[in-house]
Each structure stands twice: as structure tokens, then as C-alpha cells.
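Visitor: Contents are PDB, C-alpha atoms; file name query.pdb:
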ATOM      1  CA  MET A   1       0.000   0.000   0.000
ATOM      2  CA  LYS A   2       1.532   3.328  -1.017
ATOM      3  CA  ALA A   3       1.899   5.964   1.512
ATOM      4  CA  ARG A   4      -0.018   9.145   0.774
ATOM      5  CA  ARG A   5       2.245  12.122  -0.019
ATOM      6  CA  SER A   6       1.396  15.150   1.847
ATOM      7  CA  THR A   7       0.114  17.864  -0.374
ATOM      8  CA  ALA A   8       0.959  20.570   2.045
ATOM      9  CA  GLY A   9       3.065  23.183   0.440
ATOM     10  CA  LEU A  10       2.450  21.910  -3.083
ATOM     11  CA  PRO A  11       1.037  24.198  -5.627
ATOM     12  CA  ARG A  12      -2.644  24.174  -5.948
ATOM     13  CA  ALA A  13      -4.349  23.708  -9.165
ATOM     14  CA  GLY A  14      -4.389  27.398  -9.786
ATOM     15  CA  GLY A  15      -0.600  27.488  -9.416
ATOM     16  CA  GLU A  16      -0.514  29.040  -5.930
ATOM     17  CA  ALA A  17       1.279  27.369  -3.153
ATOM     18  CA  THR A  18      -0.506  26.721   0.030
ATOM     19  CA  PRO A  19       1.142  28.798   2.683
ATOM     20  CA  ARG A  20       2.829  27.108   5.549
ATOM     21  CA  ARG A  21       1.578  27.727   8.969
ATOM     22  CA  ASN A  22       3.621  27.529  12.032
ATOM     23  CA  PRO A  23       2.444  25.485  14.914
ATOM     24  CA  LEU A  24       0.709  28.560  16.337
ATOM     25  CA  GLY A  25      -1.359  28.790  13.164
ATOM     26  CA  ALA A  26       0.313  31.871  11.787
ATOM     27  CA  ALA A  27       1.249  31.930   8.167
ATOM     28  CA  THR A  28       4.972  31.755   7.624
ATOM     29  CA  GLY A  29       4.920  33.322   4.205
ATOM     30  CA  ARG A  30       4.647  36.933   5.659
ATOM     31  CA  ARG A  31       6.883  38.824   8.091
ATOM     32  CA  SER A  32       5.150  39.419  11.351
ATOM     33  CA  ARG A  33       4.854  43.080  12.498
ATOM     34  CA  VAL A  34       5.747  43.708  16.168
ATOM     35  CA  ARG A  35       4.942  47.114  17.838
ATOM     36  CA  ALA A  36       8.081  48.847  19.309
ATOM     37  CA  TRP A  37       7.920  50.499  22.807
ATOM     38  CA  PRO A  38      10.259  53.243  24.125
ATOM     39  CA  ALA A  39      13.217  51.891  25.919
ATOM     40  CA  ALA A  40      13.865  52.665  29.556
ATOM     41  CA  ASN A  41      17.075  54.591  28.777
ATOM     42  CA  SER A  42      15.130  56.874  26.412
ATOM     43  CA  ARG A  43      12.858  57.837  29.256
ATOM     44  CA  ARG A  44      15.861  58.602  31.416
ATOM     45  CA  ARG A  45      17.368  60.836  28.737
ATOM     46  CA  THR A  46      14.130  62.743  28.435
ATOM     47  CA  ALA A  47      13.903  63.220  32.196
ATOM     48  CA  ALA A  48      17.544  64.368  32.361
ATOM     49  CA  LYS A  49      16.952  66.849  29.542
ATOM     50  CA  GLU A  50      13.927  68.240  31.338
ATOM     51  CA  ARG A  51      15.906  68.595  34.563
ATOM     52  CA  ALA A  52      18.733  70.394  32.710
ATOM     53  CA  GLU A  53      16.289  72.786  31.089
ATOM     54  CA  LEU A  54      14.678  73.472  34.458
ATOM     55  CA  ALA A  55      18.086  74.102  36.055
ATOM     56  CA  ALA A  56      19.046  76.463  33.215
ATOM     57  CA  LEU A  57      15.767  78.315  33.614
ATOM     58  CA  GLN A  58      16.270  78.681  37.349
ATOM     59  CA  GLN A  59      19.859  79.887  36.837
ATOM     60  CA  GLY A  60      18.660  82.445  34.298
ATOM     61  CA  ILE A  61      16.109  83.678  36.799
ATOM     62  CA  ARG A  62      18.825  84.052  39.442
ATOM     63  CA  TYR A  63      21.079  85.970  37.004
ATOM     64  CA  ARG A  64      18.212  88.234  36.097
ATOM     65  CA  ARG A  65      17.508  88.955  39.749
ATOM     66  CA  ILE A  66      21.206  89.752  40.342
ATOM     67  CA  PHE A  67      21.289  92.025  37.269
ATOM     68  CA  VAL A  68      18.142  93.846  38.317
ATOM     69  CA  THR A  69      19.550  94.249  41.840
ATOM     70  CA  LEU A  70      22.845  95.667  40.526
ATOM     71  CA  VAL A  71      21.048  98.060  38.196
ATOM     72  CA  GLY A  72      18.904  99.202  41.099
ATOM     73  CA  ILE A  73      21.964  99.798  43.269
ATOM     74  CA  MET A  74      23.644 101.759  40.474
ATOM     75  CA  VAL A  75      20.551 103.889  39.988
ATOM     76  CA  VAL A  76      20.335 104.617  43.719
ATOM     77  CA  VAL A  77      24.062 105.483  43.957
ATOM     78  CA  SER A  78      23.859 107.706  40.869
ATOM     79  CA  ALA A  79      20.834 109.489  42.251
ATOM     80  CA  ALA A  80      22.640 110.025  45.565
ATOM     81  CA  ILE A  81      25.697 111.441  43.781
ATOM     82  CA  VAL A  82      23.551 113.789  41.694
ATOM     83  CA  LEU A  83      21.665 114.881  44.810
ATOM     84  CA  LEU A  84      24.852 115.549  46.780
ATOM     85  CA  GLY A  85      26.354 117.380  43.795
ATOM     86  CA  THR A  86      23.262 119.517  43.450
ATOM     87  CA  ILE A  87      23.310 120.340  47.153
ATOM     88  CA  GLY A  88      27.014 121.221  46.944
ATOM     89  CA  LEU A  89      26.492 123.356  43.848
ATOM     90  CA  LEU A  90      23.628 125.228  45.451
ATOM     91  CA  SER A  91      25.717 125.702  48.569
ATOM     92  CA  GLU A  92      28.613 127.116  46.536
ATOM     93  CA  THR A  93      26.581 129.286  44.196
ATOM     94  CA  ARG A  94      24.108 130.758  46.618
ATOM     95  CA  SER A  95      24.874 134.206  47.880
ATOM     96  CA  ARG A  96      26.628 134.286  51.237
ATOM     97  CA  PRO A  97      28.710 136.770  53.258
ATOM     98  CA  LEU A  98      32.342 137.128  52.159
ATOM     99  CA  THR A  99      34.969 135.853  54.552
ATOM    100  CA  GLN A 100      37.804 138.126  55.645
ATOM    101  CA  ALA A 101      40.212 136.274  53.349
ATOM    102  CA  GLU A 102      37.825 136.704  50.415
ATOM    103  CA  GLN A 103      37.473 140.418  51.160
ATOM    104  CA  ASN A 104      41.255 140.853  51.167
ATOM    105  CA  GLN A 105      41.559 138.913  47.922
ATOM    106  CA  TYR A 106      38.852 141.056  46.327
ATOM    107  CA  LYS A 107      40.723 144.229  47.295
ATOM    108  CA  GLN A 108      44.069 142.948  46.019
ATOM    109  CA  GLU A 109      42.636 141.839  42.679
ATOM    110  CA  GLU A 110      40.737 145.092  42.203
ATOM    111  CA  ILE A 111      43.831 147.210  42.915
ATOM    112  CA  ALA A 112      46.108 145.030  40.775
ATOM    113  CA  ARG A 113      44.026 145.473  37.616
ATOM    114  CA  ARG A 114      43.496 149.218  37.879
ATOM    115  CA  TRP A 115      46.440 150.090  35.656
ATOM    116  CA  GLN A 116      44.658 148.200  32.843
ATOM    117  CA  ALA A 117      41.017 148.703  33.808
ATOM    118  CA  TRP A 118      41.356 152.451  34.226
ATOM    119  CA  PRO A 119      42.057 154.764  31.310
ATOM    120  CA  LYS A 120      45.506 156.338  31.388
ATOM    121  CA  THR A 121      43.847 159.603  32.369
ATOM    122  CA  GLY A 122      42.510 157.746  35.417
ATOM    123  CA  VAL A 123      45.976 156.647  36.465
ATOM    124  CA  PHE A 124      47.336 160.155  35.783
ATOM    125  CA  PRO A 125      44.578 162.705  36.514
ATOM    126  CA  GLU A 126      44.568 166.003  34.689
ATOM    127  CA  GLU A 127      45.141 167.830  37.967
ATOM    128  CA  VAL A 128      46.788 166.650  41.162
ATOM    129  CA  LYS A 129      46.592 168.532  44.440
ATOM    130  CA  TYR A 130      49.664 169.410  46.474
ATOM    131  CA  LEU A 131      50.533 171.796  49.285
ATOM    132  CA  GLY A 132      52.606 174.828  48.363
ATOM    133  CA  LEU A 133      54.224 177.471  50.513
ATOM    134  CA  ASP A 134      52.468 178.177  53.767
ATOM    135  CA  ARG A 135      50.481 174.992  53.128
ATOM    136  CA  ALA A 136      48.511 176.700  50.421
ATOM    137  CA  GLN A 137      46.456 174.363  48.232
ATOM    138  CA  GLN A 138      48.075 174.093  44.809
ATOM    139  CA  TYR A 139      47.411 172.045  41.651
ATOM    140  CA  ALA A 140      49.869 170.397  39.307
ATOM    141  CA  THR A 141      48.624 170.154  35.714
ATOM    142  CA  ARG A 142      49.316 167.206  33.463
ATOM    143  CA  VAL A 143      51.218 168.111  30.279
ATOM    144  CA  GLY A 144      51.250 164.691  28.656
ATOM    145  CA  ILE A 145      51.286 160.924  29.083
ATOM    146  CA  ALA A 146      54.165 158.920  27.621
ATOM    147  CA  PRO A 147      53.597 155.674  25.716
ATOM    148  CA  GLU A 148      53.747 152.550  27.862
ATOM    149  CA  THR A 149      57.253 151.120  27.908
ATOM    150  CA  GLU A 150      59.377 148.321  29.327
ATOM    151  CA  CYS A 151      60.342 148.797  32.950
ATOM    152  CA  GLY A 152      64.052 148.879  32.216
ATOM    153  CA  LYS A 153      63.648 151.633  29.634
ATOM    154  CA  GLY A 154      61.833 153.994  31.976
ATOM    155  CA  VAL A 155      64.391 154.128  34.798
ATOM    156  CA  ASP A 156      68.126 154.323  35.353
ATOM    157  CA  ALA A 157      70.160 151.157  34.821
ATOM    158  CA  SER A 158      70.689 150.485  38.536
ATOM    159  CA  ILE A 159      66.933 150.592  39.113
ATOM    160  CA  ALA A 160      66.160 148.607  35.967
ATOM    161  CA  GLY A 161      68.081 145.567  37.216
ATOM    162  CA  VAL A 162      66.025 145.453  40.410
ATOM    163  CA  LEU A 163      62.693 145.832  38.627
ATOM    164  CA  ASP A 164      63.464 143.244  35.974
ATOM    165  CA  GLY A 165      64.710 140.830  38.622
ATOM    166  CA  HIS A 166      61.353 140.943  40.393
ATOM    167  CA  GLY A 167      59.125 140.517  37.377
ATOM    168  CA  CYS A 168      58.173 144.090  36.566
ATOM    169  CA  VAL A 169      55.376 144.057  33.992
ATOM    170  CA  THR A 170      55.424 147.544  32.493
ATOM    171  CA  MET A 171      56.154 151.201  33.122
ATOM    172  CA  LEU A 172      53.671 154.094  32.863
ATOM    173  CA  ARG A 173      54.867 157.727  32.906
ATOM    174  CA  ALA A 174      53.390 161.216  32.761
ATOM    175  CA  THR A 175      54.733 164.739  33.193
ATOM    176  CA  TYR A 176      53.198 167.619  35.192
ATOM    177  CA  ILE A 177      53.974 171.292  35.807
ATOM    178  CA  ASP A 178      53.150 173.469  38.782
ATOM    179  CA  GLN A 179      50.761 176.420  38.710
ATOM    180  CA  THR A 180      53.566 178.894  37.935
ATOM    181  CA  SER A 181      55.106 176.675  35.214
ATOM    182  CA  SER A 182      58.400 176.936  37.105
ATOM    183  CA  PHE A 183      58.727 173.294  38.092
ATOM    184  CA  VAL A 184      58.476 170.111  36.054
ATOM    185  CA  PHE A 185      57.575 166.713  37.540
ATOM    186  CA  THR A 186      57.656 163.281  35.924
ATOM    187  CA  VAL A 187      55.790 160.470  37.677
ATOM    188  CA  GLY A 188      56.498 156.835  36.766
ATOM    189  CA  VAL A 189      54.384 153.834  37.813
ATOM    190  CA  ALA A 190      56.212 150.497  37.727
ATOM    191  CA  VAL A 191      53.681 147.650  37.653
ATOM    192  CA  LEU A 192      54.843 144.510  39.468
ATOM    193  CA  LYS A 193      53.088 141.153  39.117
ATOM    194  CA  ASP A 194      51.817 141.253  42.717
ATOM    195  CA  GLU A 195      52.276 143.037  46.018
ATOM    196  CA  GLU A 196      54.734 140.466  47.316
ATOM    197  CA  SER A 197      57.017 141.093  44.340
ATOM    198  CA  ARG A 198      56.744 144.828  44.890
ATOM    199  CA  VAL A 199      57.780 144.510  48.531
ATOM    200  CA  SER A 200      60.778 142.375  47.566
ATOM    201  CA  ALA A 201      61.800 144.891  44.911
ATOM    202  CA  THR A 202      61.568 147.930  47.184
ATOM    203  CA  GLU A 203      63.819 146.207  49.712
ATOM    204  CA  GLU A 204      66.573 146.303  47.099
ATOM    205  CA  LEU A 205      66.025 149.792  45.718
ATOM    206  CA  THR A 206      68.719 152.344  46.379
ATOM    207  CA  GLN A 207      68.078 155.482  48.412
ATOM    208  CA  ASP A 208      70.256 157.510  46.062
ATOM    209  CA  ASP A 209      68.137 160.512  45.052
ATOM    210  CA  ARG A 210      70.153 160.973  41.847
ATOM    211  CA  VAL A 211      68.664 157.885  40.160
ATOM    212  CA  GLY A 212      65.114 156.799  39.549
ATOM    213  CA  VAL A 213      62.534 157.398  36.837
ATOM    214  CA  LEU A 214      63.728 158.969  33.583
ATOM    215  CA  PRO A 215      61.982 162.267  32.763
ATOM    216  CA  VAL A 216      59.594 162.580  29.833
ATOM    217  CA  ALA A 217      59.738 165.875  27.961
ATOM    218  CA  PHE A 218      57.077 167.038  25.498
ATOM    219  CA  PRO A 219      58.326 169.273  22.681
ATOM    220  CA  GLY A 220      56.606 172.612  22.337
ATOM    221  CA  THR A 221      55.807 172.816  26.047
ATOM    222  CA  VAL A 222      57.635 174.162  29.066
ATOM    223  CA  THR A 223      58.790 170.599  29.763
ATOM    224  CA  GLU A 224      60.869 170.238  26.574
ATOM    225  CA  ARG A 225      64.180 170.896  28.383
ATOM    226  CA  PHE A 226      63.521 168.445  31.204
ATOM    227  CA  GLY A 227      65.942 165.541  30.871
ATOM    228  CA  PRO A 228      67.986 163.204  33.110
ATOM    229  CA  ASP A 229      70.566 165.905  33.856
ATOM    230  CA  GLN A 230      67.853 168.386  34.910
ATOM    231  CA  ARG A 231      66.573 166.109  37.681
ATOM    232  CA  GLN A 232      67.223 167.749  41.013
ATOM    233  CA  ARG A 233      65.937 164.843  43.098
ATOM    234  CA  THR A 234      64.158 161.517  42.725
ATOM    235  CA  SER A 235      62.164 159.298  45.075
ATOM    236  CA  TRP A 236      59.721 156.392  45.120
ATOM    237  CA  VAL A 237      56.840 155.026  47.195
ATOM    238  CA  GLY A 238      55.277 151.559  47.231
ATOM    239  CA  ALA A 239      51.541 150.986  46.956
ATOM    240  CA  GLY A 240      49.911 147.618  46.328
ATOM    241  CA  PRO A 241      51.718 145.984  43.390
ATOM    242  CA  TYR A 242      52.985 149.403  42.203
ATOM    243  CA  ILE A 243      56.153 151.403  42.756
ATOM    244  CA  VAL A 244      55.447 155.074  42.063
ATOM    245  CA  PHE A 245      58.580 157.046  41.167
ATOM    246  CA  SER A 246      58.740 160.822  40.999
ATOM    247  CA  THR A 247      61.372 163.331  39.995
ATOM    248  CA  ALA A 248      61.459 167.123  39.796
ATOM    249  CA  GLY A 249      63.448 169.871  38.108
ATOM    250  CA  TYR A 250      63.316 173.429  36.919
ATOM    251  CA  ALA A 251      61.529 174.327  33.723
ATOM    252  CA  ASP A 252      64.372 176.658  32.691
ATOM    253  CA  GLY A 253      66.650 173.681  32.051
ATOM    254  CA  ARG A 254      69.034 174.065  34.993
ATOM    255  CA  THR A 255      70.965 170.889  35.622
ATOM    256  CA  ARG A 256      71.699 169.437  38.999
ATOM    257  CA  ALA A 257      75.406 169.948  38.472
ATOM    258  CA  ALA A 258      74.861 173.630  37.692
ATOM    259  CA  ILE A 259      73.498 174.355  41.134
ATOM    260  CA  PRO A 260      76.232 174.877  43.749
ATOM    261  CA  PRO A 261      76.012 172.558  46.763
ATOM    262  CA  GLU A 262      75.563 175.505  49.088
ATOM    263  CA  GLU A 263      72.560 176.759  47.157
ATOM    264  CA  ILE A 264      69.302 175.512  48.597
ATOM    265  CA  LEU A 265      66.638 174.248  46.228
ATOM    266  CA  HIS A 266      63.402 176.120  46.032
ATOM    267  CA  PRO A 267      61.476 175.117  49.158
ATOM    268  CA  GLU A 268      58.398 174.250  47.159
ATOM    269  CA  LEU A 269      60.064 172.090  44.503
ATOM    270  CA  TRP A 270      60.729 168.854  46.293
ATOM    271  CA  PRO A 271      57.699 168.777  48.622
ATOM    272  CA  ALA A 272      55.500 169.294  45.577
ATOM    273  CA  ALA A 273      57.178 166.401  43.727
ATOM    274  CA  LYS A 274      56.751 164.034  46.648
ATOM    275  CA  SER A 275      53.147 165.101  47.177
ATOM    276  CA  ILE A 276      52.253 164.477  43.513
ATOM    277  CA  GLY A 277      53.831 161.006  43.586
ATOM    278  CA  ASN A 278      52.076 160.136  46.830
ATOM    279  CA  GLN A 279      48.720 161.320  45.485
ATOM    280  CA  ILE A 280      48.955 159.093  42.406
ATOM    281  CA  ALA A 281      50.059 156.154  44.568
ATOM    282  CA  TYR A 282      47.061 156.775  46.804
ATOM    283  CA  PHE A 283      44.675 156.801  43.843
ATOM    284  CA  LEU A 284      46.028 153.462  42.609
ATOM    285  CA  ALA A 285      46.038 151.660  45.960
ATOM    286  CA  ASP A 286      42.965 153.180  47.581
ATOM    287  CA  PRO A 287      41.030 150.173  48.981
ATOM    288  CA  PRO A 288      37.843 149.630  47.004
ATOM    289  CA  LYS A 289      34.435 149.176  48.560
ATOM    290  CA  VAL A 290      33.923 145.452  49.001
ATOM    291  CA  PRO A 291      30.429 143.985  48.472
ATOM    292  CA  PRO A 292      29.263 142.186  51.630
ATOM    293  CA  CYS A 293      28.096 139.076  49.785
ATOM    294  CA  THR A 294      29.382 136.760  47.093
ATOM    295  CA  GLN A 295      26.627 137.906  44.736
ATOM    296  CA  GLY A 296      26.397 141.592  45.464
ATOM    297  CA  ASN A 297      24.788 143.263  48.435
ATOM    298  CA  VAL A 298      22.162 140.612  49.192
ATOM    299  CA  CYS A 299      23.133 137.411  51.014
TER     300      CYS A 299
END
Rewrite the structure of this file - the entire thing - as C-alpha cells.
Guide:
Amino acid sequence: MKARRSTAGLPRAGGEATPRRNPLGAATGRRSRVRAWPAANSRRRTAAKERAELAALQQGIRYRRIFVTLVGIMVVVSAAIVLLGTIGLLSETRSRPLTQAEQNQYKQEEIARRWQAWPKTGVFPEEVKYLGLDRAQQYATRVGIAPETECGKGVDASIAGVLDGHGCVTMLRATYIDQTSSFVFTVGVAVLKDEESRVSATEELTQDDRVGVLPVAFPGTVTERFGPDQRQRTSWVGAGPYIVFSTAGYADGRTRAAIPPEEILHPELWPAAKSIGNQIAYFLADPPKVPPCTQGNVC
């Protein structure tokens, strides 16, 4: 008896093979599809990423708080500085009474700039009072004002060295005559840089009355013959930053050498010269009226 051949897996009549089935009944001719699930390590990575993002967010929040705090501190400090500066500015700029030192400084500065601030006719007035014989009130009249010159060119050489050594700025000169036109006077104002320099300079000036300011003669006037040789005497006086020199002579041109030693000068000549020099020095150094406050008369 022939054994029956299994027809499983043989082609059917239509030419299609009968699919094999595995013992579980599933067809073996197709690939089975299995659903994939996330692995455990993937979940851990996701959790770690979330924690990192949370930490970064928290750190950013902390940095922002620190930044805001620092900005706030800077704003407060800046406001305090501006406030203190404003208070200080108001304190400095508001009107207040002048201190004694400020009053003295005001006077010194006012006196020191007069030679520039005043017109030359203010430094050398048209008429200057002096006392004549028997203390009679007399007036010396200005003949002319010389151009401003270097200090060394307006005085004798021995005086020039002292002035230049102490920073003399300039020399102003003018010539006067008395009421009778008998006497001629030249007044010279040496401008020092400050009062301290003037004091130092006067300590070195000679007391020789033959040297001092050089006369200024004006042609066509009674002063035209007044030169260095016609000077009978010279002197000086200090006032503020100024040294005021004066010299006197006769309008007729007499020289000092021409007058015998035993002959006495006219009693009015030299007192008048000294009085004129002192008057101009007084005008220049007369203390000004000081305002009581830093901004005028109202504190």
C-alpha cells in the first residue's frame, strides 16, 4: 500500500502554493509586524533633559535677579551722587557773606588790575593837588602821558636791574607842571606782578636821590628841556603791586650839576614832587568798597 504524499506546500491547481503555517497557526509566508515600545534609557534621557532645562531656567532667573539688583543699586548710587552734587552746587553758588580772606583777595585783585582797567587819564589825573608854601592848596597840571614802555627803559640802569629781577610788567609815565610853570615833575608807575614782588623789589632799591625814573619831555611845552641831567631829586613810594617814582626839576633847564652845593633848592620844589607822587600812589592803591556778599549786596 503506497503511503499518501502530503500535499501541504504543493502548488494548488491554480498554481498558488498553500502557505505554511507555524504550529501557532500563523502563516509563515509573511513577516510578522511587532509594535516597538520606548526603551527605559530613552525615558531617562528625556527626564535628564527636562531637569537640565529646568536648572538652566532657574539659573537664568537668578542671574536676572542679580542684574536687576545691581542696576537698582547703580541707579540709587547715581541718584545720591547727583543729589549731593546739586546740594554742593547750590551751597557754593548761593549768595553768602564774604569771609575776611575773600574780602582781602577782592581788594588785592581790584587794585592790581586798575592800571589796565582804568584809562591812562585815570591813572594820571589832569590835575593833582599838592601843598605849596604856607600849606597853600596848589594844583599840578598834566602836560602829557608817555607811551607805555618796558620797565628797564623807563628808569636808570641800577633801578632797571632790580625791577626786571622781580618781574616788573610795564612802566607808565606822565609829566606835570606846577601852577607857575616853574617846576616840572615826571611820575612813573612800575607795575609789578603782585604786592609780594613789589615789597621784595623795594627792599633792594637804592636810596640815592640821583637815580630813579627817567623824565619825559614834550616838545613845544615848558617841559621840553627836562631831561635826566635836569633832575634835582628823585624818590619812590610803594603801593599795592605798584612802585610810584617821581622826579622834579626846573623848567628853565638848569641841571643838577649847575646848582652849587651851598645853594638851597626852592622850598616848594621837592615837597610838591613828593606830594604828587604820593597822590597818584594813593589813587592806585585806595582800597575799594567790598560787596558784603558773594553775589552783590544781598546774602
Visitor: I'd like the residues picked by the PyMOL selection byres ((chain A and resi 162-175) around 7) written out as a PDB file with C-alpha atoms, keeping the file's coordinate frame, using the chain letters and numbers from the file.
Guide:
ATOM      1  CA  PHE A 124      47.336 160.155  35.783  1.00  0.00           C
ATOM      2  CA  ARG A 142      49.316 167.206  33.463  1.00  0.00           C
ATOM      3  CA  VAL A 143      51.218 168.111  30.279  1.00  0.00           C
ATOM      4  CA  GLY A 144      51.250 164.691  28.656  1.00  0.00           C
ATOM      5  CA  ILE A 145      51.286 160.924  29.083  1.00  0.00           C
ATOM      6  CA  ALA A 146      54.165 158.920  27.621  1.00  0.00           C
ATOM      7  CA  GLU A 148      53.747 152.550  27.862  1.00  0.00           C
ATOM      8  CA  THR A 149      57.253 151.120  27.908  1.00  0.00           C
ATOM      9  CA  GLU A 150      59.377 148.321  29.327  1.00  0.00           C
ATOM     10  CA  CYS A 151      60.342 148.797  32.950  1.00  0.00           C
ATOM     11  CA  GLY A 152      64.052 148.879  32.216  1.00  0.00           C
ATOM     12  CA  GLY A 154      61.833 153.994  31.976  1.00  0.00           C
ATOM     13  CA  ILE A 159      66.933 150.592  39.113  1.00  0.00           C
ATOM     14  CA  ALA A 160      66.160 148.607  35.967  1.00  0.00           C
ATOM     15  CA  GLY A 161      68.081 145.567  37.216  1.00  0.00           C
ATOM     16  CA  TYR A 176      53.198 167.619  35.192  1.00  0.00           C
ATOM     17  CA  PHE A 185      57.575 166.713  37.540  1.00  0.00           C
ATOM     18  CA  THR A 186      57.656 163.281  35.924  1.00  0.00           C
ATOM     19  CA  VAL A 187      55.790 160.470  37.677  1.00  0.00           C
ATOM     20  CA  GLY A 188      56.498 156.835  36.766  1.00  0.00           C
ATOM     21  CA  VAL A 189      54.384 153.834  37.813  1.00  0.00           C
ATOM     22  CA  ALA A 190      56.212 150.497  37.727  1.00  0.00           C
ATOM     23  CA  VAL A 191      53.681 147.650  37.653  1.00  0.00           C
ATOM     24  CA  LEU A 192      54.843 144.510  39.468  1.00  0.00           C
ATOM     25  CA  LYS A 193      53.088 141.153  39.117  1.00  0.00           C
ATOM     26  CA  SER A 197      57.017 141.093  44.340  1.00  0.00           C
ATOM     27  CA  ALA A 201      61.800 144.891  44.911  1.00  0.00           C
ATOM     28  CA  GLU A 204      66.573 146.303  47.099  1.00  0.00           C
ATOM     29  CA  LEU A 205      66.025 149.792  45.718  1.00  0.00           C
ATOM     30  CA  VAL A 216      59.594 162.580  29.833  1.00  0.00           C
TER      31      VAL A 216
END
Visitor: Using the chain letters and numbers from the file, which residues does the PyMOL selection byres ((chain A and resi 98) around 7) grab, as an MDAnalysis selection string?
Guide: chainID A and resid 96:97 99:100 102:103 292:294
Visitor: Give me, please, the distance in Å between CA of Arg135 (chain A) and CA of Leu269 (chain A), quoted to one decimal.
Guide: 13.2 Å
Visitor: Which residue, A:Ala273, A:Ile259, A:Ala117, A:Ile177, has the smallest gap to Phe226 (chain A) when you use only C-alpha atoms?
Guide: A:Ile177
Visitor: In Å, rounded to a single decimal, give me how far CA of Thr86 (chain A) is from CA of Val298 (chain A).
Guide: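 Interatomic distance, CA of Val298 (chain A) to CA of Thr86 (chain A): 21.9 Å.
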Visitor: So what do you get for CA of Thr206 (chain A) versus CA of Ser246 (chain A), distance-wise?
Guide: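 It comes out at 14.2 Å.
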Visitor: Once 6 Å is added on each side, what centre and edge lengths in Å to one decimal does the axis-aligned box around all listed atoms of region 130-148 of chain A have, as JSON?
Guide:
{"center_x": 50.3, "center_y": 165.4, "center_z": 39.7, "size_x": 19.8, "size_y": 37.6, "size_z": 40.1}
Visitor: For Leu265 (chain A), which of A:Leu131, A:Ala239, A:Ala248, A:Ile280 is the closest residue, counting all atoms listed in the file?
Guide: A:Ala248
Visitor: Run the PyMOL selection byres ((chain A and resi 235) around 12) mentally over the shown coordinates, then write out the matched residues as a PyMOL selection string, using the chain letters and numbers from the document.
Guide: chain A and resi 155+159+185-189+202+205-214+231-234+236-238+243-248+270-271+273-278
Visitor: Within 10 Å of Arg225 (chain A), counting only C-alpha atoms, which residues show up once you throw out same-chain ones fewer than 4 positions away? Write them as an MDAnalysis selection string, please.
Guide: chainID A and resid 184 215:221 229:230 249:255
Visitor: A:Thr180, A:Arg256, A:Asp194, A:Gly227: which is nearest Glu268 (chain A), counting all atoms listed in the file?
Guide: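 Nearest to Glu268 (chain A): A:Thr180.
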